[in-house]
$ cat upload.cif   # mmCIF, C-alpha atoms
data_model
#
loop_
_atom_site.label_atom_id
_atom_site.label_comp_id
_atom_site.auth_asym_id
_atom_site.auth_seq_id
_atom_site.Cartn_x
_atom_site.Cartn_y
_atom_site.Cartn_z
CA MET A 511 0.00 0.00 0.00
CA GLY A 512 2.88 2.35 0.71
CA LYS A 513 3.76 2.73 -2.97
CA GLU A 514 0.14 3.44 -3.89
CA ARG A 515 -0.08 6.72 -1.94
CA ILE A 516 1.71 10.03 -2.36
CA ALA A 517 4.57 10.16 0.16
CA GLY A 518 5.09 13.91 -0.16
CA ILE A 519 5.23 16.92 -2.50
CA VAL A 520 8.76 18.31 -2.36
CA PRO A 521 11.13 20.50 -4.43
CA ALA A 522 13.41 18.68 -6.86
CA ASN A 523 16.44 19.10 -4.60
CA GLN A 524 14.66 17.25 -1.80
CA VAL A 525 13.77 14.11 -3.72
CA PRO A 526 15.31 11.09 -1.91
CA ALA A 527 18.50 9.83 -3.55
CA ASP A 528 17.09 6.32 -3.97
CA ALA A 529 13.86 7.48 -5.65
CA GLU A 530 13.10 6.52 -9.26
CA VAL A 531 12.76 9.78 -11.21
CA HIS A 532 10.64 10.39 -14.31
CA ASP A 533 11.07 13.72 -16.07
CA PHE A 534 8.04 14.77 -18.11
CA GLY A 535 9.61 17.92 -19.51
CA ASP A 536 7.11 20.70 -20.18
CA ALA A 537 4.07 18.52 -19.48
CA VAL A 538 2.04 19.21 -16.35
CA ILE A 539 1.04 16.73 -13.66
CA LEU A 540 -2.64 16.88 -12.72
CA PRO A 541 -4.52 14.80 -10.16
CA GLY A 542 -6.37 11.84 -11.62
CA LEU A 543 -9.80 13.01 -12.72
CA VAL A 544 -13.01 11.79 -11.10
CA ASP A 545 -16.16 11.36 -13.20
CA SER A 546 -19.15 11.33 -10.89
CA HIS A 547 -21.73 10.79 -13.64
CA LEU A 548 -21.51 8.11 -16.31
CA HIS A 549 -23.35 5.02 -17.49
CA ILE A 550 -21.27 1.84 -17.75
CA ASN A 551 -24.44 -0.27 -18.35
CA ASP A 552 -22.92 -3.37 -16.74
CA PRO A 553 -24.23 -5.92 -15.83
CA GLY A 554 -27.10 -6.65 -18.19
CA ARG A 555 -26.29 -4.26 -21.03
CA ALA A 556 -22.55 -4.69 -21.38
CA GLU A 557 -23.08 -4.71 -25.15
CA TRP A 558 -23.81 -0.98 -24.76
CA GLU A 559 -20.46 -0.33 -23.03
CA GLY A 560 -19.24 -2.51 -20.13
CA PHE A 561 -16.59 -2.14 -17.43
CA GLU A 562 -13.63 -3.07 -19.64
CA THR A 563 -14.19 -0.56 -22.44
CA ALA A 564 -15.51 2.22 -20.19
CA THR A 565 -12.56 2.07 -17.83
CA ARG A 566 -10.04 1.89 -20.68
CA ALA A 567 -11.60 4.99 -22.24
CA ALA A 568 -11.47 6.64 -18.83
CA ALA A 569 -7.75 5.90 -18.41
CA ALA A 570 -7.06 7.28 -21.90
CA GLY A 571 -8.92 10.46 -20.91
CA GLY A 572 -7.09 11.02 -17.61
CA TYR A 573 -9.83 9.67 -15.35
CA THR A 574 -8.75 7.40 -12.51
CA THR A 575 -12.07 7.14 -10.63
CA LEU A 576 -15.57 6.60 -12.03
CA VAL A 577 -18.90 6.71 -10.21
CA ASP A 578 -21.41 4.63 -12.16
CA MET A 579 -25.06 5.63 -12.43
CA PRO A 580 -27.64 3.05 -11.30
CA LEU A 581 -29.67 2.89 -14.51
CA ASN A 582 -29.28 1.27 -17.92
CA CYS A 583 -27.71 -1.75 -16.25
CA LEU A 584 -29.89 -4.78 -15.48
CA PRO A 585 -30.84 -5.02 -12.73
CA PRO A 586 -30.66 -1.30 -11.86
CA THR A 587 -28.56 -0.64 -8.76
CA ALA A 588 -31.57 0.00 -6.55
CA THR A 589 -31.16 -2.95 -4.18
CA VAL A 590 -28.32 -4.52 -2.24
CA ALA A 591 -28.60 -7.63 -4.42
CA ALA A 592 -28.18 -5.51 -7.57
CA LEU A 593 -25.13 -3.80 -6.04
CA ALA A 594 -23.63 -7.24 -5.40
CA ALA A 595 -24.26 -8.17 -9.04
CA LYS A 596 -22.47 -5.00 -10.16
CA ARG A 597 -19.49 -5.79 -7.96
CA GLN A 598 -19.30 -9.26 -9.45
CA ALA A 599 -19.49 -7.84 -13.00
CA ALA A 600 -16.67 -5.38 -12.27
CA ALA A 601 -14.28 -7.84 -10.64
CA GLY A 602 -10.98 -8.04 -12.52
CA ARG A 603 -12.23 -6.00 -15.49
CA CYS A 604 -11.55 -2.37 -14.51
CA TRP A 605 -8.58 -0.26 -15.60
CA VAL A 606 -9.41 2.51 -13.13
CA ASP A 607 -11.08 2.66 -9.72
CA TRP A 608 -14.84 2.92 -9.38
CA LEU A 609 -17.87 3.41 -7.14
CA ALA A 610 -21.59 2.96 -7.82
CA TRP A 611 -24.48 5.26 -6.95
CA GLY A 612 -27.61 3.64 -5.55
CA GLY A 613 -30.94 4.08 -7.28
CA LEU A 614 -33.99 5.70 -5.72
CA VAL A 615 -36.95 4.36 -7.70
CA SER A 616 -40.68 4.19 -7.09
CA ASP A 617 -40.49 0.76 -5.44
CA ASN A 618 -37.93 1.66 -2.78
CA ALA A 619 -39.23 5.21 -2.45
CA SER A 620 -42.80 4.37 -1.46
CA ASP A 621 -42.87 0.76 -0.30
CA ASN A 622 -39.41 -0.24 0.84
CA GLN A 623 -37.52 2.63 2.42
CA ALA A 624 -35.42 0.09 4.33
CA GLU A 625 -33.58 -0.57 1.06
CA ILE A 626 -32.28 3.02 1.14
CA GLN A 627 -30.57 2.46 4.47
CA ALA A 628 -29.38 -0.99 3.40
CA LEU A 629 -27.73 0.44 0.28
CA ALA A 630 -26.02 3.10 2.38
CA VAL A 631 -24.67 0.46 4.74
CA ALA A 632 -23.57 -1.64 1.75
CA GLY A 633 -21.35 1.20 0.53
CA VAL A 634 -23.06 3.37 -2.09
CA PRO A 635 -21.90 7.02 -1.82
CA GLY A 636 -25.39 8.40 -2.55
CA PHE A 637 -28.56 7.95 -4.56
CA LYS A 638 -29.90 8.96 -7.98
CA CYS A 639 -33.51 9.52 -8.98
CA PHE A 640 -35.53 10.82 -11.93
CA LEU A 641 -38.53 13.12 -11.73
CA ILE A 642 -39.41 12.17 -15.32
CA HIS A 643 -39.39 8.94 -17.29
CA PRO A 644 -35.68 8.16 -17.84
CA GLY A 645 -36.17 7.00 -21.41
CA ILE A 646 -35.66 3.35 -20.61
CA ASP A 647 -37.65 0.68 -18.83
CA GLY A 648 -36.27 -0.91 -15.68
CA PHE A 649 -35.57 2.28 -13.73
CA THR A 650 -38.74 3.99 -12.57
CA MET A 651 -39.19 7.70 -11.98
CA VAL A 652 -40.48 8.98 -8.64
CA THR A 653 -43.47 11.22 -8.12
CA GLU A 654 -43.42 14.12 -5.70
CA ALA A 655 -45.41 12.03 -3.19
CA GLU A 656 -42.94 9.14 -3.46
CA LEU A 657 -40.03 11.51 -3.12
CA ARG A 658 -41.53 13.04 0.02
CA SER A 659 -41.94 9.57 1.45
CA ALA A 660 -38.30 8.68 0.78
CA LEU A 661 -36.56 11.93 1.72
CA PRO A 662 -36.54 11.48 5.51
CA HIS A 663 -34.76 8.16 4.96
CA VAL A 664 -32.29 9.70 2.50
CA ALA A 665 -31.60 12.55 4.91
CA ARG A 666 -30.94 10.06 7.71
CA THR A 667 -28.12 8.46 5.71
CA GLY A 668 -26.35 11.81 5.26
CA LEU A 669 -25.64 10.89 1.64
CA PRO A 670 -26.44 13.12 -1.36
CA LEU A 671 -29.47 12.64 -3.59
CA LEU A 672 -28.61 13.24 -7.25
CA VAL A 673 -31.64 14.28 -9.28
CA HIS A 674 -32.42 14.46 -12.97
CA ALA A 675 -34.25 17.76 -12.63
CA GLU A 676 -36.95 17.91 -15.30
CA LEU A 677 -40.68 17.70 -14.60
CA PRO A 678 -42.93 15.99 -17.16
CA GLY A 679 -45.69 18.64 -17.14
CA PRO A 680 -43.91 21.36 -19.14
CA ILE A 681 -42.49 18.74 -21.55
CA ASP A 682 -45.90 17.14 -22.13
CA GLU A 683 -47.42 20.57 -22.72
CA ALA A 684 -44.64 21.57 -25.14
CA THR A 685 -45.07 18.32 -27.08
CA ARG A 686 -48.84 18.82 -27.30
CA ARG A 687 -48.28 22.37 -28.49
CA LEU A 688 -45.94 21.13 -31.23
CA GLN A 689 -48.51 18.61 -32.39
CA ASN A 690 -51.40 21.07 -32.30
CA ASN A 691 -49.50 23.77 -34.16
CA ASN A 692 -48.10 21.44 -36.77
CA GLU A 693 -49.47 17.95 -37.26
CA ASP A 694 -46.38 17.13 -39.29
CA ALA A 695 -43.75 18.42 -36.84
CA ASP A 696 -40.37 17.66 -38.37
CA TRP A 697 -38.41 15.65 -35.78
CA ARG A 698 -35.30 15.74 -37.95
CA ARG A 699 -35.00 19.41 -37.01
CA TYR A 700 -33.00 20.07 -33.88
CA SER A 701 -35.20 23.08 -33.18
CA THR A 702 -38.21 20.75 -32.86
CA TYR A 703 -36.46 18.64 -30.24
CA LEU A 704 -35.30 21.74 -28.38
CA GLN A 705 -38.86 23.09 -28.24
CA SER A 706 -40.03 19.76 -26.84
CA ARG A 707 -37.73 20.04 -23.76
CA PRO A 708 -38.26 23.64 -22.56
CA GLU A 709 -36.20 25.29 -19.84
CA GLU A 710 -39.35 25.52 -17.74
CA ALA A 711 -39.16 21.75 -17.16
CA GLU A 712 -35.79 22.24 -15.44
CA LEU A 713 -36.81 25.40 -13.62
CA ALA A 714 -39.98 23.86 -12.19
CA ALA A 715 -38.09 20.76 -11.06
CA ILE A 716 -35.32 22.79 -9.41
CA ARG A 717 -37.83 25.00 -7.59
CA LEU A 718 -39.58 21.90 -6.25
CA LEU A 719 -36.29 20.32 -5.19
CA LEU A 720 -35.08 23.45 -3.40
CA SER A 721 -38.36 23.59 -1.51
CA LEU A 722 -37.99 19.93 -0.51
CA CYS A 723 -34.36 20.50 0.45
CA ARG A 724 -35.47 23.34 2.71
CA GLN A 725 -38.10 21.12 4.32
CA TYR A 726 -36.25 17.79 4.66
CA LYS A 727 -32.65 19.01 5.07
CA PHE A 728 -31.14 16.45 2.70
CA ARG A 729 -28.04 16.94 0.54
CA LEU A 730 -29.26 17.81 -2.95
CA HIS A 731 -27.20 17.54 -6.13
CA ILE A 732 -28.57 18.72 -9.49
CA VAL A 733 -27.11 16.65 -12.31
CA HIS A 734 -26.36 17.91 -15.84
CA LEU A 735 -27.74 21.43 -15.54
CA SER A 736 -28.47 22.81 -19.01
CA ALA A 737 -30.81 25.74 -18.27
CA SER A 738 -28.78 28.77 -17.23
CA SER A 739 -31.99 30.53 -16.18
CA ALA A 740 -31.91 28.40 -13.01
CA LEU A 741 -28.58 29.88 -11.86
CA ALA A 742 -30.06 32.83 -9.98
CA GLU A 743 -32.31 30.62 -7.85
CA LEU A 744 -29.51 28.17 -7.23
CA CYS A 745 -27.26 31.03 -6.14
CA ALA A 746 -29.95 32.28 -3.76
CA ALA A 747 -30.28 28.77 -2.31
CA ARG A 748 -26.53 28.76 -1.61
CA VAL A 749 -26.75 32.14 0.11
CA GLU A 750 -29.62 30.77 2.18
CA GLY A 751 -27.35 27.91 3.27
CA LEU A 752 -29.17 25.02 1.62
CA PRO A 753 -26.95 21.96 1.08
CA VAL A 754 -27.18 22.00 -2.73
CA SER A 755 -24.53 21.34 -5.36
CA VAL A 756 -24.70 21.49 -9.16
CA GLU A 757 -22.97 19.93 -12.16
CA THR A 758 -22.94 20.55 -15.87
CA CYS A 759 -21.36 18.62 -18.74
CA PRO A 760 -18.77 19.19 -21.49
CA HIS A 761 -21.41 19.06 -24.24
CA TYR A 762 -23.36 21.97 -22.72
CA LEU A 763 -20.14 23.97 -22.53
CA HIS A 764 -18.92 23.14 -26.05
CA PHE A 765 -21.93 22.90 -28.36
CA CYS A 766 -24.75 25.35 -28.89
CA ALA A 767 -28.14 24.81 -30.49
CA GLU A 768 -27.46 27.20 -33.38
CA GLU A 769 -24.63 24.95 -34.62
CA ILE A 770 -26.34 21.53 -34.41
CA PRO A 771 -27.38 20.38 -37.89
CA ASP A 772 -30.77 18.84 -38.48
CA GLY A 773 -30.60 15.05 -38.25
CA ALA A 774 -27.46 15.15 -36.06
CA THR A 775 -28.81 12.72 -33.48
CA LEU A 776 -25.35 12.13 -32.02
CA CYS A 777 -25.98 15.49 -30.32
CA LYS A 778 -29.22 14.40 -28.66
CA CYS A 779 -29.23 14.43 -24.87
CA ALA A 780 -31.67 15.32 -22.11
CA PRO A 781 -31.90 18.03 -21.00
CA PRO A 782 -30.98 19.35 -24.44
CA ILE A 783 -28.10 21.50 -25.59
CA ARG A 784 -29.45 25.05 -25.63
CA ALA A 785 -28.55 28.37 -27.26
CA ARG A 786 -25.13 30.01 -27.51
CA GLU A 787 -26.01 32.69 -24.96
CA ASN A 788 -27.15 29.97 -22.55
CA ARG A 789 -23.79 28.22 -22.97
CA GLU A 790 -21.87 31.35 -22.02
CA ARG A 791 -24.05 31.84 -18.95
CA LEU A 792 -23.18 28.29 -17.85
CA TRP A 793 -19.51 29.24 -18.09
CA HIS A 794 -20.27 32.24 -15.87
CA GLY A 795 -22.00 29.87 -13.46
CA LEU A 796 -18.76 27.91 -13.20
CA LYS A 797 -16.75 31.10 -12.74
CA ASP A 798 -19.07 32.31 -9.98
CA GLY A 799 -19.04 28.97 -8.17
CA ILE A 800 -22.76 28.33 -8.60
CA ILE A 801 -21.90 25.25 -10.69
CA ASP A 802 -19.53 23.08 -8.68
CA LEU A 803 -18.30 20.47 -11.10
CA VAL A 804 -18.21 19.08 -14.61
CA ALA A 805 -19.14 15.43 -15.21
CA THR A 806 -19.34 13.68 -18.56
CA ASP A 807 -22.76 11.97 -18.38
CA HIS A 808 -21.09 9.46 -20.72
CA SER A 809 -24.18 7.63 -21.99
CA PRO A 810 -23.33 5.24 -24.82
CA CYS A 811 -25.57 2.89 -26.77
CA PRO A 812 -25.29 0.70 -29.88
CA PRO A 813 -25.11 3.04 -32.90
CA ALA A 814 -28.36 1.69 -34.33
CA MET A 815 -30.20 3.28 -31.39
CA LYS A 816 -29.09 6.71 -32.58
CA HIS A 817 -31.09 6.22 -35.83
CA LEU A 818 -28.36 7.95 -37.79
CA ASP A 819 -29.95 7.19 -41.17
CA GLU A 820 -33.39 8.39 -40.12
CA GLY A 821 -32.02 11.35 -38.15
CA SER A 822 -35.10 11.62 -35.95
CA PHE A 823 -34.59 13.38 -32.62
CA LYS A 824 -37.90 11.87 -31.48
CA THR A 825 -36.83 8.23 -31.68
CA ALA A 826 -33.03 8.39 -31.23
CA TRP A 827 -31.44 7.43 -27.91
CA GLY A 828 -30.42 10.47 -25.89
CA GLY A 829 -26.84 10.41 -24.71
CA ILE A 830 -23.41 11.78 -25.61
CA SER A 831 -20.19 9.85 -25.04
CA SER A 832 -17.09 11.85 -24.11
CA LEU A 833 -15.18 9.86 -21.50
CA SER A 834 -11.88 9.82 -23.39
CA LEU A 835 -12.18 13.42 -24.61
CA ALA A 836 -13.59 15.43 -21.70
CA LEU A 837 -10.29 16.86 -20.45
CA PRO A 838 -9.09 18.26 -23.81
CA LEU A 839 -12.66 19.35 -24.61
CA MET A 840 -12.84 21.32 -21.40
CA TRP A 841 -9.32 22.73 -21.77
CA THR A 842 -10.03 23.81 -25.35
CA GLU A 843 -13.08 25.79 -24.23
CA ALA A 844 -11.83 26.91 -20.80
CA SER A 845 -8.50 28.26 -22.03
CA LYS A 846 -10.32 30.45 -24.57
CA ARG A 847 -12.20 32.06 -21.70
CA GLY A 848 -9.22 32.73 -19.44
CA PHE A 849 -9.59 29.78 -17.10
CA THR A 850 -6.57 27.79 -15.88
CA LEU A 851 -5.79 24.14 -15.34
CA THR A 852 -6.36 24.76 -11.64
CA HIS A 853 -9.99 25.51 -12.45
CA LEU A 854 -10.26 22.27 -14.40
CA THR A 855 -8.84 20.15 -11.60
CA ARG A 856 -11.27 21.77 -9.16
CA TRP A 857 -14.24 21.03 -11.45
CA MET A 858 -13.16 17.60 -12.72
CA ALA A 859 -11.25 16.06 -9.80
CA GLU A 860 -11.63 17.73 -6.42
CA ALA A 861 -15.35 18.62 -6.47
CA PRO A 862 -16.63 15.31 -7.91
CA ALA A 863 -14.48 13.40 -5.39
CA ARG A 864 -16.11 15.44 -2.64
CA LEU A 865 -19.59 14.67 -3.99
CA ALA A 866 -18.79 10.94 -4.11
CA GLY A 867 -17.42 10.90 -0.58
CA CYS A 868 -13.89 9.90 -1.57
CA SER A 869 -12.18 13.30 -1.22
CA ALA A 870 -9.89 12.02 1.53
CA ARG A 871 -8.14 9.82 -1.06
CA LYS A 872 -9.02 11.04 -4.54
CA GLY A 873 -9.02 14.28 -6.51
CA ARG A 874 -5.91 16.06 -5.20
CA LEU A 875 -2.12 15.94 -5.38
CA ALA A 876 -1.39 15.80 -1.67
CA GLU A 877 0.41 13.66 0.88
CA GLU A 878 -1.36 10.36 1.68
CA TYR A 879 -3.70 10.69 -1.31
CA ASP A 880 -3.80 7.89 -3.87
CA ALA A 881 -0.97 8.33 -6.37
CA ASP A 882 -3.38 9.01 -9.26
CA PHE A 883 -1.81 11.32 -11.86
CA VAL A 884 -2.44 12.64 -15.35
CA ILE A 885 0.53 13.74 -17.43
CA PHE A 886 -1.00 16.42 -19.64
CA GLU A 887 0.47 18.44 -22.49
CA PRO A 888 -1.67 21.60 -22.54
CA GLU A 889 -0.16 23.15 -25.68
CA ALA A 890 -0.42 20.04 -27.88
CA GLU A 891 -3.31 19.75 -30.32
CA PHE A 892 -4.98 16.85 -32.08
CA VAL A 893 -7.92 16.06 -34.32
CA VAL A 894 -10.50 13.65 -32.90
CA THR A 895 -10.52 10.35 -34.77
CA GLU A 896 -12.18 7.03 -34.01
CA GLU A 897 -8.85 5.68 -32.75
CA ARG A 898 -8.84 8.21 -29.89
CA LEU A 899 -12.24 7.29 -28.49
CA TYR A 900 -11.44 3.89 -26.89
CA TYR A 901 -14.99 3.21 -25.67
CA ARG A 902 -17.01 0.37 -27.22
CA TYR A 903 -18.60 2.09 -30.22
CA PRO A 904 -16.39 4.73 -31.89
CA VAL A 905 -19.16 7.19 -32.75
CA SER A 906 -19.07 10.77 -31.53
CA PRO A 907 -20.32 14.27 -32.38
CA TYR A 908 -16.73 15.40 -31.75
CA LEU A 909 -15.16 13.45 -34.63
CA GLY A 910 -13.09 15.77 -36.83
CA LYS A 911 -12.81 18.54 -34.25
CA LYS A 912 -9.41 19.97 -33.34
CA LEU A 913 -8.87 19.98 -29.58
CA ARG A 914 -6.19 21.44 -27.37
CA GLY A 915 -4.40 19.35 -24.75
CA VAL A 916 -3.18 15.75 -24.90
CA VAL A 917 -3.20 13.11 -22.16
CA LYS A 918 0.32 11.77 -22.32
CA ALA A 919 -0.02 9.22 -19.50
CA THR A 920 -2.33 8.20 -16.67
CA TYR A 921 -1.15 6.66 -13.40
CA LEU A 922 -3.44 4.71 -11.07
CA ARG A 923 -2.15 4.34 -7.52
CA GLY A 924 1.44 4.81 -8.65
CA GLN A 925 1.45 2.61 -11.75
CA VAL A 926 1.06 3.55 -15.41
CA VAL A 927 -2.22 2.33 -16.87
CA PHE A 928 -2.08 4.39 -20.08
CA GLY A 929 0.89 5.99 -21.81
CA ASP A 930 1.69 7.24 -25.30
CA GLY A 931 -1.52 5.81 -26.70
CA GLN A 932 -1.02 2.34 -25.21
CA PHE A 933 -2.47 0.57 -22.18
CA SER A 934 0.03 -0.79 -19.70
CA GLY A 935 -0.02 -3.73 -17.32
CA GLU A 936 -3.37 -5.25 -16.45
CA ALA A 937 -6.81 -4.23 -15.23
CA ARG A 938 -6.06 -3.33 -11.60
CA GLY A 939 -8.89 -0.94 -10.82
CA ARG A 940 -10.99 -1.66 -7.75
CA GLU A 941 -13.99 -0.33 -5.92
CA VAL A 942 -13.30 2.66 -3.70
CA ARG A 943 -14.73 2.18 -0.22
CA CYS A 944 -14.56 5.43 1.70
#
$ encode --input "upload.cif" --output "structure tokens"
Amino acid sequence: MGKERIAGIVPANQVPADAEVHDFGDAVILPGLVDSHLHINDPGRAEWEGFETATRAAAAGGYTTLVDMPLNCLPPTATVAALAAKRQAAAGRCWVDWLAWGGLVSDNASDNQAEIQALAVAGVPGFKCFLIHPGIDGFTMVTEAELRSALPHVARTGLPLLVHAELPGPIDEATRRLQNNNEDADWRRYSTYLQSRPEEAELAAIRLLLSLCRQYKFRLHIVHLSASSALAELCAARVEGLPVSVETCPHYLHFCAEEIPDGATLCKCAPPIRARENRERLWHGLKDGIIDLVATDHSPCPPAMKHLDEGSFKTAWGGISSLSLALPLMWTEASKRGFTLTHLTRWMAEAPARLAGCSARKGRLAEEYDADFVIFEPEAEFVVTEERLYYRYPVSPYLGKKLRGVVKATYLRGQVVFGDGQFSGEARGREVRC
């Protein structure tokens, strides 16, 4: 264990004489990144991604810790038995370390609150729920009544509740309005999809959640914020002292609705990518500290589910994969706006580690922390090709884009797992128990 932790951070002239020295020249050393929001889909849907390919893509992207979402796998991680199945699926197949969120679904929200406490005891760092149908069967949304029933039990655990913050009412109304105004609404048009997921769905959900947070005193985390119009109310909640945190994703900070071509279903996600002005306001939210972290929401699927030939935003699977590209994506955009690598490590390592309860070991370069490093060349550039994706299906809305910053090597607990485009050693990732 001694060689897996950082012994100390010292000037070059104080390095012990017997130490093995690696000189990385002008490259920088960053803490291993932590992705607190992704979908590995294993067990049950490993053909969508799986632990092996997801963790290899993570290592190639500078991530050394992943926190897997409880849906899209079968069974969903909403029971202790399902958590055990996930641990069995991960055994010996991970190239980086991992944790798994527990699921809060209608069954264990209204009828079986004991499962919430049991999952906490079993080692999940928190829970995830949807206030709207998640787009896939097997993981059920919770109603406000079910959420109210579960929240005292969630609060008792002291763990965060991560919420997909969209309410179905505004979305149902927007969809009806589209149909009434135009019986032949063109779902190949990105503007049609954008109209179908209005900002009001996020705003209404966030207002409800802040009210519940005020009442039940639980730790609230808003996942993948896309609507910048919610920032003022989230800021006010912080000033009030509510225990709320917020994330956004690389695709909301890179793309804008005006630049998404019709039929480009690789850009479909929920909530949707919004206008250019909205994107810049999200960057201001990061600058002002209202948004705490950036997570990928890596959500892969077999390419056929994207309906690339049909190009319909109505029927295509919603999800954008970026696990191997998130660091250069973020650096490309952040450096244009005057941010530094220190900002990136705060958003992509330190803050997500804190959310996942592993900040005593992960997310920082400090004595006694796990020796997780990224060797990063911030001035290097590259064009995204299929060979640089590493996850199971090499499809991406980022193909052909020139990005700034190259991951030269990734170290997990003191050993190289990825270097110069090659994977090294064997799959030695393990579950983080904090």
$ residues_around --input "upload.cif" --residues "Val577 of chain A" --least-positions-apart "2" --cutoff "7 Å" --atoms "all atoms listed in the file" --output "list in words"
Asp545, Ser546, His547, Leu548, Thr575, Met579, Trp608, Leu609, Ala610 and Trp611 of chain A
$ resolve_selection --input "upload.cif" --expression "the PyMOL selection byres ((chain A and resi 940-944) around 10)" --output "ChimeraX atom specification"
/A:575-577,597,600-610,632-635,866-872,937-939
$ atom_distance --input "upload.cif" --atom1 "atom CA of Leu803 of chain A" --atom2 "atom CA of Glu656 of chain A"
28.2 Å
$ atom_distance --input "upload.cif" --atom1 "atom CA of Pro781 of chain A" --atom2 "atom CA of Ala836 of chain A"
18.5 Å
$ resolve_selection --input "upload.cif" --expression "the PyMOL selection byres ((chain A and resi 909) around 8)" --output "ChimeraX atom specification"
/A:893-896,905-908,910-911
$ residues_around --input "upload.cif" --residues "Lys596 of chain A" --least-positions-apart "5" --cutoff "10 Å" --atoms "all atoms listed in the file" --output "JSON, numbers by chain"
{"A": [551, 552, 553, 554, 561, 578, 580, 583, 584, 585, 586, 587, 590, 591, 601, 610]}
$ atom_distance --input "upload.cif" --atom1 "atom CA of Pro644 of chain A" --atom2 "atom CA of Glu562 of chain A"
24.8 Å
$ closest_atom_pairs --input "upload.cif" --of "segment 720-820 of chain A" --to "segment 693-703 of chain A" --cutoff "7 Å" --atoms "all atoms listed in the file" --output "JSON lines"
{"residue": "A:Ile770", "atom": "CA", "partner": "A:Tyr700", "partner_atom": "CA", "distance": 6.8}
{"residue": "A:Pro771", "atom": "CA", "partner": "A:Tyr700", "partner_atom": "CA", "distance": 6.9}
{"residue": "A:Asp772", "atom": "CA", "partner": "A:Arg699", "partner_atom": "CA", "distance": 4.5}
{"residue": "A:Gly773", "atom": "CA", "partner": "A:Arg698", "partner_atom": "CA", "distance": 4.8}
$ write_last_selection --input "upload.cif" --atoms "C-alpha atoms" --output "PDB file, in the frame of the given file"
ATOM      1  CA  ILE A 770     -26.340  21.530 -34.410  1.00  0.00           C
ATOM      2  CA  PRO A 771     -27.380  20.380 -37.890  1.00  0.00           C
ATOM      3  CA  ASP A 772     -30.770  18.840 -38.480  1.00  0.00           C
ATOM      4  CA  GLY A 773     -30.600  15.050 -38.250  1.00  0.00           C
TER       5      GLY A 773
END
$ residues_around --input "upload.cif" --residues "Pro670 of chain A" --least-positions-apart "4" --cutoff "8 Å" --atoms "only C-alpha atoms" --output "ChimeraX atom specification"
/A:635-637,664,728-731,865
$ resolve_selection --input "upload.cif" --expression "the PyMOL selection byres ((chain A and resi 721) around 12)" --output "PyMOL selection string"
chain A and resi 654+658+714-720+722-728+730+743-744+747+750+752-754
$ closest_residue --input "upload.cif" --among "A:Ser659, A:Leu672, A:Ile801, A:Gln627" --to "Cys639 of chain A" --atoms "only C-alpha atoms"
A:Leu672
$ closest_residue --input "upload.cif" --among "A:Ala655, A:Val917, A:Ala675, A:Ala805" --to "Ala863 of chain A" --atoms "all atoms listed in the file"
A:Ala805
$ residues_near_point --input "upload.cif" --point "(-32.0, 5.1, -6.5)" --cutoff "6 Å" --atoms "all atoms listed in the file" --output "VMD selection string"
chain A and resid 588 612 to 615 637 to 639
$ write_last_selection --input "upload.cif" --atoms "C-alpha atoms" --output "PDB file, in the frame of the given file"
ATOM      1  CA  ALA A 588     -31.570   0.000  -6.550  1.00  0.00           C
ATOM      2  CA  GLY A 612     -27.610   3.640  -5.550  1.00  0.00           C
ATOM      3  CA  GLY A 613     -30.940   4.080  -7.280  1.00  0.00           C
ATOM      4  CA  LEU A 614     -33.990   5.700  -5.720  1.00  0.00           C
ATOM      5  CA  VAL A 615     -36.950   4.360  -7.700  1.00  0.00           C
ATOM      6  CA  PHE A 637     -28.560   7.950  -4.560  1.00  0.00           C
ATOM      7  CA  LYS A 638     -29.900   8.960  -7.980  1.00  0.00           C
ATOM      8  CA  CYS A 639     -33.510   9.520  -8.980  1.00  0.00           C
TER       9      CYS A 639
END
$ closest_residue --input "upload.cif" --among "A:Ala881, A:Ala876, A:Cys759, A:Leu899" --to "Met840 of chain A" --atoms "all atoms listed in the file"
A:Cys759
$ closest_residue --input "upload.cif" --among "A:Thr653, A:Ser834, A:Thr758, A:Gln623" --to "Leu796 of chain A" --atoms "all atoms listed in the file"
A:Thr758
$ axis_aligned_box --input "upload.cif" --around "segment 798-812 of chain A" --padding-each-side "5 Å" --output "JSON"
{"center_x": -21.9, "center_y": 16.5, "center_z": -19.0, "size_x": 17.4, "size_y": 41.6, "size_z": 31.7}
$ build_atoms --input "upload.cif" --residues "segment 556-561 of chain A" --atoms "N, CA and C atoms" --output "PDB file, in the coordinates of the input"
ATOM      1  N   ALA A 556     -23.973  -4.908 -21.098  1.00  0.00           N
ATOM      2  CA  ALA A 556     -22.550  -4.690 -21.380  1.00  0.00           C
ATOM      3  C   ALA A 556     -22.302  -4.507 -22.876  1.00  0.00           C
ATOM      4  N   GLU A 557     -23.255  -4.941 -23.719  1.00  0.00           N
ATOM      5  CA  GLU A 557     -23.080  -4.710 -25.150  1.00  0.00           C
ATOM      6  C   GLU A 557     -23.228  -3.234 -25.492  1.00  0.00           C
ATOM      7  N   TRP A 558     -23.738  -2.425 -24.555  1.00  0.00           N
ATOM      8  CA  TRP A 558     -23.810  -0.980 -24.760  1.00  0.00           C
ATOM      9  C   TRP A 558     -22.461  -0.331 -24.430  1.00  0.00           C
ATOM     10  N   GLU A 559     -21.770  -0.857 -23.419  1.00  0.00           N
ATOM     11  CA  GLU A 559     -20.460  -0.330 -23.030  1.00  0.00           C
ATOM     12  C   GLU A 559     -19.690  -1.396 -22.253  1.00  0.00           C
ATOM     13  N   GLY A 560     -19.912  -1.501 -20.947  1.00  0.00           N
ATOM     14  CA  GLY A 560     -19.240  -2.510 -20.130  1.00  0.00           C
ATOM     15  C   GLY A 560     -18.048  -1.947 -19.377  1.00  0.00           C
ATOM     16  N   PHE A 561     -17.670  -2.621 -18.284  1.00  0.00           N
ATOM     17  CA  PHE A 561     -16.590  -2.140 -17.430  1.00  0.00           C
ATOM     18  C   PHE A 561     -15.251  -2.072 -18.166  1.00  0.00           C
TER      19      PHE A 561
END
